[in-house]
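Q: This structure is in structure tokens; I'll ask about it shortly.
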Amino acid sequence: NAGVTQTPKFQVLKTGQSMTLQCAQDMNHEYMSWYRQDPGMGLRLIHYSVGAGITDQGEVPNGYNVSRSTTEDFPLRLLSAAPSQTSVYFCASSLRTGAQQGYSPLHFGNGTRLTVT
Amino acid sequence: EDQVTQSPEALRLQEGESSSLNCSYTVSGLRGLFWYRQDPGKGPEFLFTLYSAGEEKEKERLKATLTKKESFLHITAPKPEDSATYLCAVGTGANSKLTFGKGITLSVRP
């Protein structure tokens with residue numbers, strides 16, 4: 001199993017450009033999510049999905065769009081890049097969890113390092 | 001609002017010098033507390049999940065404990081390969097939404 005695969009590993013954008021960060025998992029996990037990690041701050045949740053066709057906002061969703069057409073893929077779209085979106089982006093997945101089932105560990109990809117100039 | 005505070009921000013140890021990392025939390029209804037390890041340039045890697053006060057889990061030189069207000073990650077006789085950033089996260093609702101602390105950067109000198 002490859003686990004969680006993120007592409008590209010590095011990206012430089014100019015302000016106003018758009019792009020899609022790719023995330024794929026081969027573990028048949030229902031839950032997928034996107035986090036951003038900035039210096040001096042904890043990981044912050046951008047968007048998440050509990051299954052194909054279902055997405056919801058996290059803590060910092062503005063400027064980002066997601067969709068989930070398959071169980072395996074969960075792309076993150078930057079509509080019009082801004083310097084404030086310079087960050088390291090992590091995709092993570094886990095088995096579906098619920099109030100009765102407890103939490104399954106998140107499996108993270110190795111990140112996409114994005115710079116917006 | 002859920003809050004997670006990790007201390008110290010950074011810790012430098014000599015090889016073999018045992019110590020503890022702290023994670024204090026303020027949440028409404030803890031469903032689980034997680035510890036992750038993150039190496040430079042990599043994504044976080046799962047270490048432990050703790051669900052209730054008094055619970056303890058061990059893995060090699062690491063032992064995680066949980067009280068009603070905080071969790072400790074005890075490192076016994078650390079080695080240089082234990083050098084990493086250790087992240088604490090809490091889950092308080094369904095759907096695996098976690099709140100992360102800022103992390104503790106551990107450096108172990110040979």
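We label chains A, B, ... in the order they appear in the structure tokens, count residues from 1 in each chain, and number ligands from 1 in the order shown.
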What's around range 103-113 of chain A at 6 Å? Count only C-alpha atoms, leave out sequence neighbours fewer than 2 positions away in its own chain, and write the answer as number ranges by chain.
A: A: 4-6, 9-10, 88-95, 97; B: 42-43
Q: With N, CA and C atoms retained, write the just-selected residues as a short mmCIF file (atom, residue, chain, number, x, y, z; two decimals), in the first residue's frame.
A:
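File result11.cif, as written:
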```
data_model
loop_
_atom_site.label_atom_id
_atom_site.label_comp_id
_atom_site.auth_asym_id
_atom_site.auth_seq_id
_atom_site.Cartn_x
_atom_site.Cartn_y
_atom_site.Cartn_z
N VAL A 4 -1.17 7.45 1.77
CA VAL A 4 -1.70 8.72 1.29
C VAL A 4 -0.63 9.38 0.43
N THR A 5 -0.99 9.66 -0.82
CA THR A 5 -0.05 10.24 -1.77
C THR A 5 -0.48 11.65 -2.14
N GLN A 6 0.43 12.60 -1.97
CA GLN A 6 0.13 14.00 -2.30
C GLN A 6 1.05 14.46 -3.43
N LYS A 9 4.94 17.93 -4.65
CA LYS A 9 5.61 18.10 -3.37
C LYS A 9 5.94 19.56 -3.12
N PHE A 10 6.23 20.29 -4.16
CA PHE A 10 6.54 21.71 -4.07
C PHE A 10 5.79 22.46 -5.18
N VAL A 88 2.41 24.73 4.29
CA VAL A 88 2.56 23.32 3.97
C VAL A 88 1.20 22.68 4.15
N TYR A 89 0.74 21.99 3.12
CA TYR A 89 -0.59 21.39 3.13
C TYR A 89 -0.47 19.88 3.27
N PHE A 90 -1.24 19.35 4.21
CA PHE A 90 -1.26 17.91 4.46
C PHE A 90 -2.65 17.36 4.22
N CYS A 91 -2.68 16.25 3.52
CA CYS A 91 -3.90 15.48 3.36
C CYS A 91 -3.83 14.30 4.33
N ALA A 92 -4.96 13.93 4.91
CA ALA A 92 -4.99 12.82 5.86
C ALA A 92 -6.26 12.02 5.66
N SER A 93 -6.19 10.74 5.98
CA SER A 93 -7.37 9.89 5.86
C SER A 93 -7.47 8.96 7.05
N SER A 94 -8.66 8.45 7.28
CA SER A 94 -8.85 7.46 8.34
C SER A 94 -10.14 6.68 8.06
N LEU A 95 -10.30 5.58 8.76
CA LEU A 95 -11.56 4.85 8.72
C LEU A 95 -12.66 5.75 9.26
N THR A 97 -15.31 7.20 11.52
CA THR A 97 -15.50 7.09 12.96
C THR A 97 -16.81 7.76 13.35
N LYS B 42 8.28 15.63 6.53
CA LYS B 42 7.37 14.49 6.47
C LYS B 42 6.02 14.84 7.10
N GLY B 43 5.03 14.01 6.83
CA GLY B 43 3.76 14.16 7.49
C GLY B 43 3.79 13.53 8.88
#
```
Q: Residues of chain B were defined as contacting chain A if any atom lay at most 8 Å from it, counting only C-alpha atoms; please report them as an MDAnalysis selection string.
A: chainID B and resid 31:32 34 41:46 49 91 93:103
Q: Tell me, as a PyMOL selection string, which residues lie within 7 Å of Leu66 in chain B, counting only C-alpha atoms; anything in the same chain fewer than 3 positions away does not count.
A: chain B and resi 50+52-56+70-72
Q: Once DSSP has gone over the backbone, tell me which residues of range 3-32 of chain B are in strand (DSSP E), as a PDB file with N, CA, C and O atoms, in the first residue's frame.
A:
```
ATOM      1  N   GLN B   3      -9.068  23.966  23.105  1.00  0.00           N
ATOM      2  CA  GLN B   3      -7.699  24.469  23.104  1.00  0.00           C
ATOM      3  C   GLN B   3      -6.735  23.384  23.537  1.00  0.00           C
ATOM      4  O   GLN B   3      -7.023  22.620  24.464  1.00  0.00           O
ATOM      5  N   VAL B   4      -5.591  23.352  22.869  1.00  0.00           N
ATOM      6  CA  VAL B   4      -4.534  22.397  23.188  1.00  0.00           C
ATOM      7  C   VAL B   4      -3.230  23.167  23.307  1.00  0.00           C
ATOM      8  O   VAL B   4      -2.844  23.870  22.378  1.00  0.00           O
ATOM      9  N   THR B   5      -2.551  23.014  24.442  1.00  0.00           N
ATOM     10  CA  THR B   5      -1.297  23.723  24.693  1.00  0.00           C
ATOM     11  C   THR B   5      -0.210  22.713  25.006  1.00  0.00           C
ATOM     12  O   THR B   5      -0.358  21.903  25.926  1.00  0.00           O
ATOM     13  N   GLN B   6       0.880  22.777  24.261  1.00  0.00           N
ATOM     14  CA  GLN B   6       1.983  21.853  24.474  1.00  0.00           C
ATOM     15  C   GLN B   6       3.183  22.603  25.048  1.00  0.00           C
ATOM     16  O   GLN B   6       3.476  23.729  24.655  1.00  0.00           O
ATOM     17  N   SER B   7       3.867  21.952  25.980  1.00  0.00           N
ATOM     18  CA  SER B   7       5.050  22.569  26.579  1.00  0.00           C
ATOM     19  C   SER B   7       6.080  21.507  26.944  1.00  0.00           C
ATOM     20  O   SER B   7       5.725  20.365  27.237  1.00  0.00           O
ATOM     21  N   ALA B  10      10.363  23.622  22.887  1.00  0.00           N
ATOM     22  CA  ALA B  10      11.525  22.874  22.423  1.00  0.00           C
ATOM     23  C   ALA B  10      12.228  22.262  23.624  1.00  0.00           C
ATOM     24  O   ALA B  10      12.205  22.826  24.719  1.00  0.00           O
ATOM     25  N   LEU B  11      12.846  21.112  23.408  1.00  0.00           N
ATOM     26  CA  LEU B  11      13.511  20.388  24.490  1.00  0.00           C
ATOM     27  C   LEU B  11      14.769  19.736  23.931  1.00  0.00           C
ATOM     28  O   LEU B  11      14.702  19.035  22.919  1.00  0.00           O
ATOM     29  N   ARG B  12      15.877  20.003  24.594  1.00  0.00           N
ATOM     30  CA  ARG B  12      17.137  19.386  24.179  1.00  0.00           C
ATOM     31  C   ARG B  12      17.598  18.458  25.289  1.00  0.00           C
ATOM     32  O   ARG B  12      17.726  18.862  26.437  1.00  0.00           O
ATOM     33  N   LEU B  13      17.831  17.214  24.954  1.00  0.00           N
ATOM     34  CA  LEU B  13      18.238  16.202  25.917  1.00  0.00           C
ATOM     35  C   LEU B  13      19.544  15.562  25.486  1.00  0.00           C
ATOM     36  O   LEU B  13      19.862  15.489  24.297  1.00  0.00           O
ATOM     37  N   GLN B  14      20.250  15.070  26.469  1.00  0.00           N
ATOM     38  CA  GLN B  14      21.414  14.248  26.194  1.00  0.00           C
ATOM     39  C   GLN B  14      20.924  12.810  26.018  1.00  0.00           C
ATOM     40  O   GLN B  14      19.932  12.393  26.651  1.00  0.00           O
ATOM     41  N   SER B  19      12.856  12.294  30.092  1.00  0.00           N
ATOM     42  CA  SER B  19      12.089  13.515  30.321  1.00  0.00           C
ATOM     43  C   SER B  19      10.632  13.287  29.899  1.00  0.00           C
ATOM     44  O   SER B  19      10.256  12.187  29.473  1.00  0.00           O
ATOM     45  N   SER B  20       9.825  14.338  30.058  1.00  0.00           N
ATOM     46  CA  SER B  20       8.405  14.255  29.704  1.00  0.00           C
ATOM     47  C   SER B  20       7.983  15.476  28.911  1.00  0.00           C
ATOM     48  O   SER B  20       8.454  16.594  29.168  1.00  0.00           O
ATOM     49  N   LEU B  21       7.092  15.252  27.956  1.00  0.00           N
ATOM     50  CA  LEU B  21       6.474  16.318  27.180  1.00  0.00           C
ATOM     51  C   LEU B  21       5.029  16.462  27.654  1.00  0.00           C
ATOM     52  O   LEU B  21       4.347  15.457  27.887  1.00  0.00           O
ATOM     53  N   ASN B  22       4.567  17.700  27.753  1.00  0.00           N
ATOM     54  CA  ASN B  22       3.235  17.954  28.303  1.00  0.00           C
ATOM     55  C   ASN B  22       2.257  18.432  27.248  1.00  0.00           C
ATOM     56  O   ASN B  22       2.611  19.204  26.346  1.00  0.00           O
ATOM     57  N   CYS B  23       1.022  17.982  27.354  1.00  0.00           N
ATOM     58  CA  CYS B  23      -0.071  18.454  26.511  1.00  0.00           C
ATOM     59  C   CYS B  23      -1.264  18.726  27.419  1.00  0.00           C
ATOM     60  O   CYS B  23      -1.850  17.781  27.958  1.00  0.00           O
ATOM     61  N   SER B  24      -1.602  19.988  27.606  1.00  0.00           N
ATOM     62  CA  SER B  24      -2.781  20.321  28.404  1.00  0.00           C
ATOM     63  C   SER B  24      -3.913  20.730  27.475  1.00  0.00           C
ATOM     64  O   SER B  24      -3.669  21.311  26.419  1.00  0.00           O
ATOM     65  N   TYR B  25      -5.135  20.398  27.857  1.00  0.00           N
ATOM     66  CA  TYR B  25      -6.249  20.661  26.955  1.00  0.00           C
ATOM     67  C   TYR B  25      -7.457  21.194  27.706  1.00  0.00           C
ATOM     68  O   TYR B  25      -7.680  20.885  28.878  1.00  0.00           O
ATOM     69  N   THR B  26      -8.227  22.004  26.993  1.00  0.00           N
ATOM     70  CA  THR B  26      -9.506  22.511  27.482  1.00  0.00           C
ATOM     71  C   THR B  26     -10.521  22.228  26.395  1.00  0.00           C
ATOM     72  O   THR B  26     -10.502  22.853  25.335  1.00  0.00           O
ATOM     73  N   GLY B  32     -11.126  11.611  22.496  1.00  0.00           N
ATOM     74  CA  GLY B  32      -9.859  10.922  22.291  1.00  0.00           C
ATOM     75  C   GLY B  32      -8.722  11.922  22.256  1.00  0.00           C
ATOM     76  O   GLY B  32      -8.902  13.055  21.821  1.00  0.00           O
TER      77      GLY B  32
END
```
Q: Quick check, in Å to one decimal: how far apart do CA of Pro110 in chain B and CA of Trp35 in chain B lie?
A: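 If I compute the distance from CA of Pro110 in chain B to CA of Trp35 in chain B, I get 24.6 Å.
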Q: Of the candidates B:Glu1, B:Ile104, B:Arg61, B:Leu47, which one gets nearest to Glu81 in chain B if we count only C-alpha atoms?
A: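 Of all the options, B:Arg61 lies closest to Glu81 in chain B.
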Q: Using only C-alpha atoms, which protein or nucleic acid residues come within 6 Å of range 73-85 of chain A? Drop anything in the same chain fewer than 6 positions from it, and give the result as a count of residues only.
A: 15
Q: Counting only C-alpha atoms, which residue out of B:Leu33, B:Ile75, B:Val27, B:Leu106 sits closest to Val90 in chain B?
A: B:Leu33
Q: Find, counting only C-alpha atoms, the residue in A:Ala52, A:Thr71, A:Val60, A:Asp26 that gets nearest to Ala2 in chain A.
A: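 Of the candidates, the smallest distance to Ala2 in chain A is held by A:Asp26.
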